file protein02.txt (compact mmCIF, C-alpha atoms)
# COMPACT_ATOMS: atom_id res chain seq x y z
CA MET A 1 109.37 -93.65 -74.40
CA ARG A 2 110.86 -91.46 -71.74
CA VAL A 3 112.14 -93.46 -68.80
CA PHE A 4 110.96 -92.33 -65.40
CA TYR A 5 111.83 -94.10 -62.19
CA ARG A 6 110.08 -93.08 -59.01
CA ARG A 7 113.25 -93.87 -57.05
CA LEU A 8 116.47 -91.98 -57.32
CA PRO A 9 119.59 -93.83 -58.45
CA LYS A 10 122.14 -94.56 -55.75
CA PHE A 11 124.76 -91.94 -55.04
CA GLN A 12 126.96 -90.73 -52.22
CA TYR A 13 126.08 -87.42 -50.61
CA ILE A 14 128.36 -84.85 -49.11
CA ALA A 15 127.44 -81.51 -47.56
CA VAL A 16 130.44 -79.22 -47.91
CA ARG A 17 131.10 -76.28 -45.58
CA SER A 18 133.12 -74.01 -47.87
CA LEU A 19 133.65 -73.25 -51.55
CA ASP A 20 137.21 -74.57 -51.31
CA GLU A 21 136.01 -77.84 -49.84
CA ALA A 22 133.49 -78.12 -52.68
CA LEU A 23 136.18 -77.39 -55.28
CA ALA A 24 138.59 -79.92 -53.77
CA PHE A 25 135.85 -82.50 -53.89
CA LEU A 26 134.92 -81.69 -57.49
CA ALA A 27 138.59 -81.92 -58.50
CA GLU A 28 138.96 -85.28 -56.80
CA HIS A 29 135.81 -86.73 -58.39
CA ARG A 30 136.29 -85.04 -61.74
CA GLY A 31 133.18 -85.51 -63.86
CA LYS A 32 131.65 -87.98 -61.40
CA ALA A 33 130.12 -85.44 -59.03
CA LYS A 34 127.08 -83.22 -59.44
CA VAL A 35 126.52 -79.99 -57.55
CA LEU A 36 123.28 -79.67 -55.59
CA ALA A 37 121.79 -76.30 -54.66
CA GLY A 38 117.98 -76.25 -54.76
CA GLY A 39 117.74 -79.61 -56.51
CA THR A 40 114.58 -78.68 -58.40
CA ASP A 41 116.29 -79.48 -61.71
CA LEU A 42 118.86 -82.02 -60.56
CA VAL A 43 116.53 -84.40 -58.70
CA PRO A 44 113.99 -84.74 -61.56
CA GLN A 45 116.88 -85.16 -64.02
CA LEU A 46 118.25 -88.00 -61.89
CA LYS A 47 114.84 -89.63 -61.58
CA LYS A 48 114.47 -89.48 -65.35
CA ARG A 49 118.03 -90.81 -65.78
CA GLU A 50 118.38 -87.83 -68.09
CA ILE A 51 121.99 -87.05 -67.23
CA GLU A 52 125.01 -89.24 -66.64
CA LEU A 53 124.52 -90.66 -63.17
CA PRO A 54 126.90 -89.13 -60.65
CA ALA A 55 128.79 -91.18 -58.08
CA CYS A 56 128.40 -88.31 -55.70
CA VAL A 57 126.17 -85.32 -55.07
CA VAL A 58 127.80 -82.28 -53.48
CA ASP A 59 125.31 -80.19 -51.50
CA LEU A 60 126.30 -76.52 -51.23
CA LYS A 61 123.54 -75.50 -48.81
CA ALA A 62 125.73 -75.71 -45.70
CA ILE A 63 128.18 -73.11 -47.05
CA PRO A 64 127.64 -70.00 -44.91
CA GLY A 65 126.68 -66.79 -46.67
CA LEU A 66 126.24 -68.31 -50.11
CA ASP A 67 122.57 -67.33 -50.11
CA VAL A 68 123.47 -63.65 -50.01
CA ILE A 69 121.37 -61.02 -51.80
CA SER A 70 123.10 -57.71 -51.30
CA HIS A 71 123.05 -54.36 -52.99
CA ASP A 72 125.19 -51.25 -52.77
CA ARG A 73 126.17 -48.30 -54.93
CA GLN A 74 129.55 -49.67 -55.87
CA SER A 75 129.09 -53.34 -56.62
CA GLY A 76 125.44 -53.27 -57.62
CA LEU A 77 123.37 -56.37 -56.93
CA VAL A 78 125.16 -59.50 -55.76
CA LEU A 79 123.33 -62.83 -55.78
CA GLY A 80 125.02 -65.78 -54.09
CA ALA A 81 124.69 -69.19 -55.69
CA LEU A 82 122.17 -70.26 -53.04
CA ALA A 83 119.84 -67.25 -53.40
CA THR A 84 116.49 -68.87 -54.13
CA ILE A 85 114.20 -67.78 -56.93
CA ASN A 86 111.57 -66.59 -54.45
CA ALA A 87 114.08 -64.79 -52.23
CA VAL A 88 115.31 -62.86 -55.28
CA GLY A 89 111.85 -62.34 -56.79
CA GLN A 90 110.40 -61.04 -53.51
CA ASN A 91 113.40 -58.91 -52.55
CA ARG A 92 112.35 -55.28 -52.33
CA VAL A 93 115.53 -53.82 -53.82
CA VAL A 94 115.37 -56.25 -56.74
CA GLU A 95 111.75 -55.31 -57.32
CA GLU A 96 112.51 -51.58 -57.25
CA LYS A 97 115.77 -51.41 -59.14
CA PHE A 98 115.92 -54.61 -61.20
CA LYS A 99 112.28 -55.07 -62.12
CA ALA A 100 112.87 -57.39 -65.09
CA LEU A 101 114.64 -59.85 -62.80
CA SER A 102 111.92 -59.94 -60.16
CA GLN A 103 109.26 -60.36 -62.86
CA ALA A 104 111.22 -63.21 -64.44
CA ALA A 105 111.77 -64.90 -61.08
CA LEU A 106 108.13 -64.76 -60.04
CA SER A 107 107.00 -66.03 -63.47
CA MET A 108 108.74 -69.33 -62.88
CA ALA A 109 107.25 -72.64 -61.77
CA SER A 110 105.40 -72.63 -58.41
CA PRO A 111 105.99 -71.42 -54.84
CA GLN A 112 107.25 -74.91 -53.92
CA VAL A 113 109.89 -74.80 -56.67
CA ARG A 114 110.75 -71.11 -56.25
CA ASN A 115 111.31 -71.66 -52.52
CA ARG A 116 114.10 -74.13 -53.22
CA GLY A 117 115.36 -73.56 -56.76
CA THR A 118 118.05 -70.94 -57.19
CA ILE A 119 118.70 -68.26 -59.82
CA ALA A 120 122.27 -69.56 -60.18
CA GLY A 121 120.90 -73.05 -60.80
CA ASN A 122 118.55 -71.71 -63.45
CA ILE A 123 121.57 -70.13 -65.18
CA CYS A 124 123.85 -73.18 -64.79
CA ASN A 125 121.25 -75.58 -66.15
CA ALA A 126 121.20 -73.32 -69.19
CA VAL A 127 118.01 -74.41 -70.88
CA PRO A 128 117.18 -71.99 -73.72
CA SER A 129 113.90 -71.07 -72.00
CA ALA A 130 115.42 -70.25 -68.58
CA ASP A 131 113.38 -67.24 -67.51
CA SER A 132 116.04 -65.54 -65.40
CA ALA A 133 118.49 -65.52 -68.32
CA PRO A 134 116.92 -62.86 -70.60
CA ALA A 135 116.35 -60.61 -67.58
CA LEU A 136 119.93 -60.97 -66.39
CA LEU A 137 121.27 -60.50 -69.94
CA ALA A 138 119.28 -57.31 -70.38
CA LEU A 139 120.61 -56.12 -67.01
CA ASN A 140 124.18 -56.77 -68.22
CA ALA A 141 124.91 -59.36 -65.53
CA SER A 142 128.10 -61.34 -65.20
CA VAL A 143 128.95 -64.44 -63.22
CA LYS A 144 131.84 -65.22 -60.91
CA ILE A 145 133.36 -68.64 -61.29
CA LYS A 146 135.89 -70.35 -59.05
CA GLY A 147 137.96 -73.34 -60.07
CA PRO A 148 141.30 -75.04 -59.45
CA LYS A 149 143.05 -72.36 -61.53
CA GLY A 150 141.52 -69.50 -59.57
CA GLU A 151 138.65 -67.12 -60.08
CA ARG A 152 137.28 -65.56 -63.22
CA THR A 153 134.39 -63.28 -64.10
CA VAL A 154 132.43 -64.08 -67.24
CA PRO A 155 129.87 -61.73 -68.79
CA LEU A 156 126.60 -63.64 -68.97
CA ASP A 157 126.39 -63.19 -72.76
CA GLN A 158 129.56 -65.29 -73.02
CA PHE A 159 128.45 -67.93 -70.50
CA PHE A 160 126.01 -70.03 -72.52
CA THR A 161 127.42 -72.23 -75.29
CA GLY A 162 124.35 -74.26 -76.31
CA PRO A 163 121.24 -75.95 -74.95
CA ARG A 164 122.19 -77.08 -71.43
CA THR A 165 125.87 -76.30 -71.98
CA THR A 166 127.98 -73.46 -70.61
CA VAL A 167 131.62 -72.48 -70.23
CA LEU A 168 131.55 -73.87 -66.69
CA GLY A 169 134.05 -76.73 -66.26
CA ALA A 170 133.22 -79.90 -64.31
CA ASP A 171 135.69 -78.79 -61.63
CA GLU A 172 134.38 -75.23 -61.40
CA LEU A 173 131.60 -73.53 -59.46
CA LEU A 174 129.51 -70.50 -60.30
CA TYR A 175 129.37 -68.86 -56.88
CA GLU A 176 128.02 -65.37 -57.54
CA ILE A 177 125.95 -63.41 -60.04
CA LEU A 178 126.74 -59.71 -60.36
CA VAL A 179 124.20 -57.25 -61.71
CA PRO A 180 125.58 -53.74 -62.20
CA ASN A 181 123.59 -50.74 -61.00
CA GLN A 182 121.23 -49.37 -63.60
CA ASP A 183 120.58 -45.72 -64.21
CA ARG A 184 118.00 -44.54 -61.72
CA ALA A 185 115.61 -43.48 -64.48
CA SER A 186 115.95 -46.68 -66.51
CA ARG A 187 112.97 -48.99 -66.86
CA GLY A 188 112.91 -52.72 -67.35
CA VAL A 189 110.41 -55.46 -68.05
CA TYR A 190 110.27 -59.21 -68.58
CA LEU A 191 107.40 -60.58 -70.63
CA LYS A 192 106.75 -64.30 -70.72
CA LEU A 193 104.48 -66.06 -73.15
CA SER A 194 103.28 -69.47 -72.04
CA PRO A 195 99.93 -71.21 -72.46
CA ARG A 196 99.52 -71.60 -68.70
CA HIS A 197 100.16 -68.90 -66.12
CA SER A 198 101.98 -71.28 -63.77
CA MET A 199 104.21 -74.32 -63.89
CA ASP A 200 105.00 -73.77 -67.52
CA LEU A 201 108.06 -73.04 -69.61
CA SER A 202 108.09 -69.99 -71.79
CA VAL A 203 107.28 -70.26 -75.49
CA VAL A 204 109.00 -66.91 -75.85
CA GLY A 205 110.55 -64.72 -73.16
CA VAL A 206 111.55 -61.11 -73.80
CA ALA A 207 113.42 -58.81 -71.44
CA ALA A 208 114.12 -55.16 -72.18
CA VAL A 209 115.87 -52.55 -70.07
CA GLY A 210 116.27 -49.00 -71.32
CA LEU A 211 116.72 -45.35 -70.51
CA LEU A 212 114.75 -42.62 -72.21
CA GLU A 213 115.70 -38.95 -71.84
CA ASP A 214 113.70 -36.19 -73.55
CA GLY A 215 112.26 -38.74 -75.94
CA ILE A 216 115.69 -40.02 -76.92
CA CYS A 217 116.85 -43.55 -76.15
CA LYS A 218 120.09 -43.20 -74.19
CA ALA A 219 120.64 -46.93 -73.73
CA VAL A 220 118.70 -50.12 -74.27
CA LYS A 221 119.28 -53.82 -73.93
CA ILE A 222 117.00 -56.51 -75.33
CA ALA A 223 117.31 -60.23 -74.58
CA LEU A 224 115.27 -63.18 -75.79
CA GLY A 225 114.61 -66.62 -74.33
CA ALA A 226 113.42 -69.92 -75.84
CA VAL A 227 114.03 -68.84 -79.44
CA ALA A 228 117.65 -69.90 -80.02
CA PRO A 229 120.02 -72.60 -78.71
CA THR A 230 120.88 -70.23 -75.87
CA PRO A 231 119.25 -67.15 -74.38
CA VAL A 232 120.42 -64.30 -76.64
CA ARG A 233 120.81 -60.54 -76.81
CA ALA A 234 119.53 -58.61 -79.82
CA PRO A 235 122.44 -56.16 -80.34
CA MET A 236 121.40 -54.91 -83.77
CA ALA A 237 117.93 -54.03 -82.55
CA GLU A 238 119.54 -52.24 -79.61
CA ALA A 239 121.80 -50.29 -81.99
CA LEU A 240 118.80 -49.24 -84.07
CA LEU A 241 117.24 -47.59 -81.02
CA THR A 242 120.24 -46.14 -79.22
CA GLY A 243 120.63 -42.38 -79.61
CA LYS A 244 117.40 -42.04 -81.59
CA VAL A 245 114.11 -40.30 -80.94
CA ILE A 246 111.73 -43.10 -80.04
CA THR A 247 108.73 -43.42 -82.31
CA GLN A 248 106.28 -46.24 -82.80
CA GLY A 249 107.82 -46.80 -86.24
CA LEU A 250 111.28 -47.21 -84.76
CA ILE A 251 109.98 -49.63 -82.10
CA ASP A 252 108.37 -51.70 -84.89
CA GLU A 253 111.59 -51.74 -86.84
CA ALA A 254 113.65 -52.79 -83.81
CA ALA A 255 111.16 -55.53 -82.95
CA ARG A 256 111.37 -56.87 -86.52
CA ASN A 257 115.14 -56.71 -86.30
CA ALA A 258 115.14 -58.77 -83.09
CA LEU A 259 113.90 -61.66 -85.23
CA THR A 260 117.33 -61.88 -86.87
CA GLN A 261 118.67 -63.29 -83.56
CA CYS A 262 116.13 -66.13 -83.54
CA SER A 263 116.41 -69.68 -84.74
CA PRO A 264 113.60 -71.27 -82.77
CA ILE A 265 112.71 -74.93 -82.67
CA ASP A 266 109.41 -76.48 -83.72
CA ASP A 267 107.99 -78.47 -80.85
CA HIS A 268 104.77 -79.33 -79.05
CA ARG A 269 104.80 -75.97 -77.29
CA ALA A 270 104.85 -73.87 -80.44
CA SER A 271 105.84 -73.88 -84.08
CA ARG A 272 108.86 -72.03 -85.35
CA GLU A 273 106.63 -69.53 -87.18
CA TYR A 274 104.54 -68.79 -84.11
CA ARG A 275 107.62 -68.25 -81.98
CA CYS A 276 109.00 -65.81 -84.55
CA ASP A 277 105.73 -63.89 -84.75
CA MET A 278 105.63 -63.71 -80.98
CA VAL A 279 109.21 -62.43 -80.74
CA TYR A 280 108.10 -59.52 -82.88
CA ALA A 281 104.89 -58.90 -80.95
CA MET A 282 106.46 -59.22 -77.52
CA THR A 283 109.61 -57.25 -78.25
CA ARG A 284 107.35 -54.50 -79.52
CA ARG A 285 105.27 -54.68 -76.37
CA ALA A 286 108.33 -54.73 -74.10
CA LEU A 287 109.88 -51.71 -75.83
CA ALA A 288 106.59 -49.83 -75.78
CA HIS A 289 106.40 -50.53 -72.05
CA ILE A 290 109.87 -49.33 -71.11
CA PHE A 291 109.65 -46.27 -73.37
CA GLY A 292 106.19 -45.44 -72.02
CA ARG A 293 104.34 -45.52 -75.31
CA MET B 1 123.01 -94.88 -44.37
CA LYS B 2 123.35 -91.50 -42.70
CA GLU B 3 121.90 -90.38 -39.40
CA ILE B 4 119.67 -87.33 -39.51
CA ARG B 5 117.34 -85.56 -37.12
CA LEU B 6 113.95 -84.48 -38.41
CA ASN B 7 111.39 -82.49 -36.52
CA VAL B 8 108.10 -83.56 -38.04
CA ASN B 9 104.94 -81.97 -36.67
CA GLY B 10 106.73 -81.15 -33.44
CA THR B 11 108.14 -84.64 -32.86
CA GLU B 12 111.89 -85.25 -33.09
CA TYR B 13 112.95 -88.31 -35.06
CA ASP B 14 116.55 -89.56 -35.13
CA ILE B 15 116.63 -91.77 -38.14
CA ALA B 16 119.13 -93.37 -40.52
CA VAL B 17 118.35 -92.73 -44.18
CA ARG B 18 119.84 -93.72 -47.52
CA PRO B 19 121.57 -90.79 -49.25
CA HIS B 20 119.30 -91.13 -52.29
CA ALA B 21 116.03 -91.33 -50.32
CA THR B 22 113.65 -88.44 -50.84
CA LEU B 23 111.98 -86.71 -47.91
CA LEU B 24 108.67 -88.05 -49.26
CA GLU B 25 109.90 -91.65 -49.07
CA VAL B 26 111.17 -91.20 -45.53
CA LEU B 27 107.94 -89.56 -44.36
CA ARG B 28 105.76 -92.26 -45.88
CA GLU B 29 107.84 -95.39 -45.52
CA ASP B 30 110.02 -94.82 -42.46
CA LEU B 31 107.76 -92.61 -40.37
CA GLY B 32 104.44 -94.02 -41.64
CA LEU B 33 103.04 -90.55 -42.35
CA ILE B 34 101.12 -91.51 -45.45
CA GLY B 35 99.01 -88.34 -45.57
CA THR B 36 101.64 -86.87 -47.89
CA LYS B 37 100.94 -88.20 -51.38
CA GLU B 38 103.18 -88.93 -54.31
CA GLY B 39 101.76 -87.63 -57.57
CA CYS B 40 104.06 -86.92 -60.47
CA GLY B 41 107.27 -87.52 -58.53
CA GLU B 42 109.09 -84.71 -60.32
CA GLY B 43 108.00 -81.52 -58.61
CA GLU B 44 105.23 -80.54 -61.02
CA CYS B 45 101.93 -81.40 -59.33
CA GLY B 46 102.28 -80.44 -55.66
CA ALA B 47 100.56 -83.54 -54.23
CA CYS B 48 103.61 -84.15 -52.02
CA THR B 49 103.73 -80.58 -50.66
CA VAL B 50 105.03 -80.25 -47.11
CA ILE B 51 106.11 -77.19 -45.17
CA ILE B 52 109.83 -77.00 -44.42
CA GLU B 53 110.83 -74.18 -42.06
CA GLY B 54 107.68 -72.26 -42.95
CA LYS B 55 108.02 -72.67 -46.69
CA ALA B 56 106.12 -74.96 -49.04
CA ALA B 57 108.25 -77.56 -50.80
CA ASN B 58 107.72 -80.58 -53.01
CA SER B 59 108.94 -83.43 -50.80
CA CYS B 60 109.36 -85.73 -53.83
CA ILE B 61 112.33 -83.70 -55.06
CA VAL B 62 113.91 -82.92 -51.69
CA LEU B 63 116.46 -85.39 -50.37
CA ALA B 64 115.78 -86.51 -46.82
CA LEU B 65 119.37 -85.47 -46.04
CA GLU B 66 118.59 -81.91 -47.12
CA ALA B 67 115.95 -81.76 -44.38
CA ASP B 68 118.42 -82.72 -41.64
CA GLY B 69 117.80 -80.53 -38.59
CA LYS B 70 114.79 -78.87 -40.17
CA GLU B 71 111.21 -78.45 -39.02
CA VAL B 72 108.75 -80.20 -41.30
CA THR B 73 104.97 -79.93 -41.19
CA THR B 74 102.84 -82.53 -42.95
CA ILE B 75 99.07 -82.75 -43.20
CA GLU B 76 99.10 -84.92 -40.04
CA GLY B 77 100.40 -81.92 -38.11
CA LEU B 78 97.40 -79.68 -38.69
CA ALA B 79 94.54 -81.21 -36.74
CA ASP B 80 94.54 -80.70 -32.97
CA GLY B 81 93.82 -84.21 -31.71
CA GLY B 82 90.37 -85.03 -33.06
CA LYS B 83 89.61 -81.43 -33.99
CA LEU B 84 90.28 -80.50 -37.60
CA HIS B 85 92.25 -77.36 -38.45
CA PRO B 86 89.96 -74.53 -39.68
CA ILE B 87 91.41 -74.92 -43.20
CA GLN B 88 90.51 -78.61 -43.17
CA GLU B 89 87.02 -77.79 -41.87
CA ALA B 90 86.51 -75.29 -44.68
CA PHE B 91 87.52 -77.80 -47.37
CA VAL B 92 85.08 -80.35 -45.91
CA GLU B 93 82.21 -77.87 -45.54
CA ILE B 94 82.54 -76.34 -48.99
CA GLY B 95 83.40 -79.59 -50.76
CA GLY B 96 86.79 -78.38 -51.92
CA LEU B 97 87.79 -81.95 -52.69
CA GLN B 98 86.53 -84.93 -54.62
CA CYS B 99 89.00 -87.79 -54.84
CA GLY B 100 91.12 -86.12 -52.17
CA PHE B 101 94.53 -87.02 -53.53
CA CYS B 102 95.67 -83.41 -54.00
CA THR B 103 94.02 -82.23 -50.79
CA PRO B 104 96.90 -82.60 -48.29
CA GLY B 105 99.15 -80.54 -50.55
CA MET B 106 96.38 -78.09 -51.34
CA ILE B 107 95.71 -77.53 -47.63
CA LEU B 108 99.38 -77.08 -46.75
CA SER B 109 99.83 -74.54 -49.56
CA THR B 110 96.73 -72.79 -48.22
CA LYS B 111 98.29 -72.74 -44.75
CA VAL B 112 101.46 -71.07 -46.04
CA LEU B 113 99.39 -68.62 -48.05
CA LEU B 114 97.15 -67.63 -45.14
CA ASP B 115 100.08 -67.39 -42.71
CA ALA B 116 101.54 -64.68 -44.95
CA ASN B 117 98.29 -63.15 -46.18
CA PRO B 118 95.22 -63.66 -43.96
CA ASN B 119 92.82 -62.08 -46.45
CA PRO B 120 93.84 -63.05 -49.99
CA THR B 121 92.00 -62.03 -53.15
CA ASP B 122 90.96 -64.64 -55.73
CA GLU B 123 94.05 -63.79 -57.76
CA GLU B 124 96.33 -64.16 -54.74
CA ILE B 125 94.74 -67.51 -53.94
CA LYS B 126 95.33 -68.71 -57.49
CA LYS B 127 98.95 -67.54 -57.31
CA GLY B 128 99.43 -69.14 -53.88
CA LEU B 129 98.06 -72.48 -55.04
CA GLU B 130 99.64 -72.39 -58.50
CA GLY B 131 101.89 -75.33 -57.71
CA ASN B 132 99.05 -77.67 -56.71
CA PHE B 133 97.14 -79.52 -59.39
CA CYS B 134 93.62 -80.82 -58.91
CA ARG B 135 92.17 -82.99 -61.65
CA CYS B 136 88.67 -83.27 -60.14
CA THR B 137 87.18 -80.06 -58.87
CA GLY B 138 87.94 -77.48 -61.53
CA TYR B 139 89.34 -75.37 -58.65
CA THR B 140 86.21 -73.25 -58.10
CA LYS B 141 85.32 -74.99 -54.86
CA ILE B 142 88.94 -75.01 -53.76
CA ILE B 143 89.16 -71.23 -54.09
CA GLU B 144 85.89 -70.91 -52.22
CA SER B 145 87.23 -73.21 -49.50
CA VAL B 146 90.32 -71.05 -49.11
CA LYS B 147 88.17 -67.95 -48.72
CA VAL B 148 86.04 -69.62 -46.07
CA ALA B 149 89.21 -70.93 -44.40
CA ALA B 150 90.63 -67.41 -44.35
CA ARG B 151 87.53 -66.14 -42.56
CA LYS B 152 87.70 -69.00 -40.04
CA VAL B 153 91.42 -68.46 -39.36
CA ARG B 154 90.90 -64.72 -38.92
CA GLY B 155 88.14 -65.65 -36.47
call {"tool": "encode", "arguments": {"input": "protein02.txt", "output": "structure tokens"}}
result
Amino acid sequence: MRVFYRRLPKFQYIAVRSLDEALAFLAEHRGKAKVLAGGTDLVPQLKKREIELPACVVDLKAIPGLDVISHDRQSGLVLGALATINAVGQNRVVEEKFKALSQAALSMASPQVRNRGTIAGNICNAVPSADSAPALLALNASVKIKGPKGERTVPLDQFFTGPRTTVLGADELLYEILVPNQDRASRGVYLKLSPRHSMDLSVVGVAAVGLLEDGICKAVKIALGAVAPTPVRAPMAEALLTGKVITQGLIDEAARNALTQCSPIDDHRASREYRCDMVYAMTRRALAHIFGR
Amino acid sequence: MKEIRLNVNGTEYDIAVRPHATLLEVLREDLGLIGTKEGCGEGECGACTVIIEGKAANSCIVLALEADGKEVTTIEGLADGGKLHPIQEAFVEIGGLQCGFCTPGMILSTKVLLDANPNPTDEEIKKGLEGNFCRCTGYTKIIESVKVAARKVRG
């Protein structure tokens, strides 16, 4: 039986005012502190006693400017660690230029959760079904991490290491997500399969972003959620399409190839076989959508 | 214990809270505002919905400390003295509730929806209320109530 307490366990709470203050605190309480942004994952996890109980919770929300959503021609889209799912999903620039990301954001949970939960938190919690992950992978995003040894930038496809695990150290913070500018003519989509339209995790999530010129695929990225221990790209399927004249036959072949990246689990949401079938069907649909077929 | 200041329904409260107390617990147990209900307790059902700085939130997964200095609206803040808010009137008239447990959250989500979109379509209503579960009505009467509420609010 799953344990669920209505009350939270006891912990100390600190609201930090800068990234450096947060990092100093994490270093001091190595492994005993948890970072709080939106709290929509952390608080339920604590109530369920699902994670090791922290002595201290470090709230980032008082750090000025960390909720930034900015866009320019040079750096592309920058999402601060406190940018909420709704703020990103409803942002006009994101909707226009990074469609897959806004679709993924608005497919998640409920207004109540999207108003508080953050995209960075969705990435850091690193569940295989995290909706923002396939979209950000297909958009070639990377994350900026700050720790006691300095800063580093990690491409998102090297960030996840397993279900709920990432390369992020206990004394490090993911403080920014960078999404490079896409070609103006590129199209993107995120398709989510879940039995309910709201408040549900994806059975399969597929993101595709691509550029078609004169019927030829100039570039394409495909990413899949909920079908492997981490969100994954489908590089071989991408290679099949790149540089080729797009036909329905080629889309079918690429969609079948995407299956090679999958090792889905069997659970109450869906069987392994169903997930595999749906990866094929939804990759096909996503590619047909971005290539206008 | 930590001192915080909450503005709930226009009243300022200076109150000492435990770091691990949720906003829901403080509203119900310290301030006695028991209109806000606890359903699932993990941010899934929306029974505990309150409005924080104009945005709907599940108060069962918000720490009271996170609401320090913020403006919070609960269901108690809607009626004007003895006169129900038009959204509340609509739910009563149409019968958009049966057991009533989800109703405070449902009405607050409706308020946020109508503040942003005074004339929502059925689809927009469903999307706006997607984080509020009702196990009695089957939602049909709730959607109707929201439509009637929208007309009343528009006047």
call {"tool": "closest_atom_pairs", "arguments": {"input": "protein02.txt", "of": "chain B", "to": "chain A", "cutoff": "9 Å", "atoms": "only C-alpha atoms", "output": "Markdown table"}}
result
| residue | atom | partner | partner_atom | distance |
| --- | --- | --- | --- | --- |
| B:Arg18 | CA | A:Lys10 | CA | 8.6 |
| B:Pro19 | CA | A:Tyr13 | CA | 5.8 |
| B:His20 | CA | A:Lys10 | CA | 5.6 |
| B:Ala21 | CA | A:Leu8 | CA | 7.0 |
| B:Thr22 | CA | A:Leu8 | CA | 7.9 |
| B:Glu25 | CA | A:Arg7 | CA | 8.9 |
| B:Cys40 | CA | A:Arg6 | CA | 8.7 |
| B:Gly41 | CA | A:Arg6 | CA | 6.2 |
| B:Glu42 | CA | A:Pro44 | CA | 5.1 |
| B:Gly43 | CA | A:Thr40 | CA | 7.2 |
| B:Glu44 | CA | A:Met199 | CA | 6.9 |
| B:Cys45 | CA | A:Met199 | CA | 8.7 |
| B:Gly46 | CA | A:Gln112 | CA | 7.6 |
| B:Thr49 | CA | A:Gln112 | CA | 7.4 |
| B:Val50 | CA | A:Gln112 | CA | 8.9 |
| B:Lys55 | CA | A:Asn115 | CA | 6.8 |
| B:Ala56 | CA | A:Gln112 | CA | 5.0 |
| B:Ala57 | CA | A:Gln112 | CA | 4.2 |
| B:Asn58 | CA | A:Gln112 | CA | 5.8 |
| B:Cys60 | CA | A:Val43 | CA | 8.8 |
| B:Ile61 | CA | A:Val43 | CA | 5.6 |
| B:Val62 | CA | A:Gly39 | CA | 7.0 |
| B:Leu63 | CA | A:Val43 | CA | 8.4 |
| B:Leu65 | CA | A:Tyr13 | CA | 8.3 |
| B:Glu66 | CA | A:Asp59 | CA | 8.2 |
| B:Ser109 | CA | A:Gln112 | CA | 8.6 |
| B:Lys127 | CA | A:Ser198 | CA | 8.1 |
| B:Gly128 | CA | A:Pro111 | CA | 7.0 |
| B:Leu129 | CA | A:Pro111 | CA | 8.0 |
| B:Glu130 | CA | A:Ser110 | CA | 5.8 |
| B:Gly131 | CA | A:Ser110 | CA | 4.5 |
| B:Asn132 | CA | A:Ser110 | CA | 8.3 |
call {"tool": "residues_around", "arguments": {"input": "protein02.txt", "residues": "Pro64 of chain A", "least_positions_apart": "6", "cutoff": "10 Å", "atoms": "only C-alpha atoms", "output": "VMD selection string"}}
result
chain A and resid 17 to 19 82
call {"tool": "atom_distance", "arguments": {"input": "protein02.txt", "atom1": "atom CA of Met1 of chain B", "atom2": "atom CA of Tyr13 of chain B"}}
result
15.2 Å
call {"tool": "atom_distance", "arguments": {"input": "protein02.txt", "atom1": "atom CA of Phe91 of chain B", "atom2": "atom CA of Ser145 of chain B"}}
result
5.1 Å
call {"tool": "closest_residue", "arguments": {"input": "protein02.txt", "among": "A:His71, A:Gly210, A:Ser271, A:Gly225", "to": "Leu241 of chain A", "atoms": "only C-alpha atoms"}}
result
A:Gly210
call {"tool": "residues_around", "arguments": {"input": "protein02.txt", "residues": "segment 255-262 of chain A", "least_positions_apart": "5", "cutoff": "8 Å", "atoms": "all atoms listed in the file", "output": "number ranges by chain"}}
result
A: 227-228, 232-234, 236-237, 276, 279-281, 283-284
call {"tool": "closest_residue", "arguments": {"input": "protein02.txt", "among": "A:Ala133, A:Arg285, A:Leu211, A:Val167", "to": "Asp252 of chain A", "atoms": "all atoms listed in the file"}}
result
A:Arg285
call {"tool": "axis_aligned_box", "arguments": {"input": "protein02.txt", "around": "segment 25-30 of chain B", "padding_each_side": "3 Å", "output": "AutoDock Vina command-line options"}}
result
--center_x 108.5 --center_y -92.5 --center_z -45.8 --size_x 11.4 --size_y 11.8 --size_z 12.6
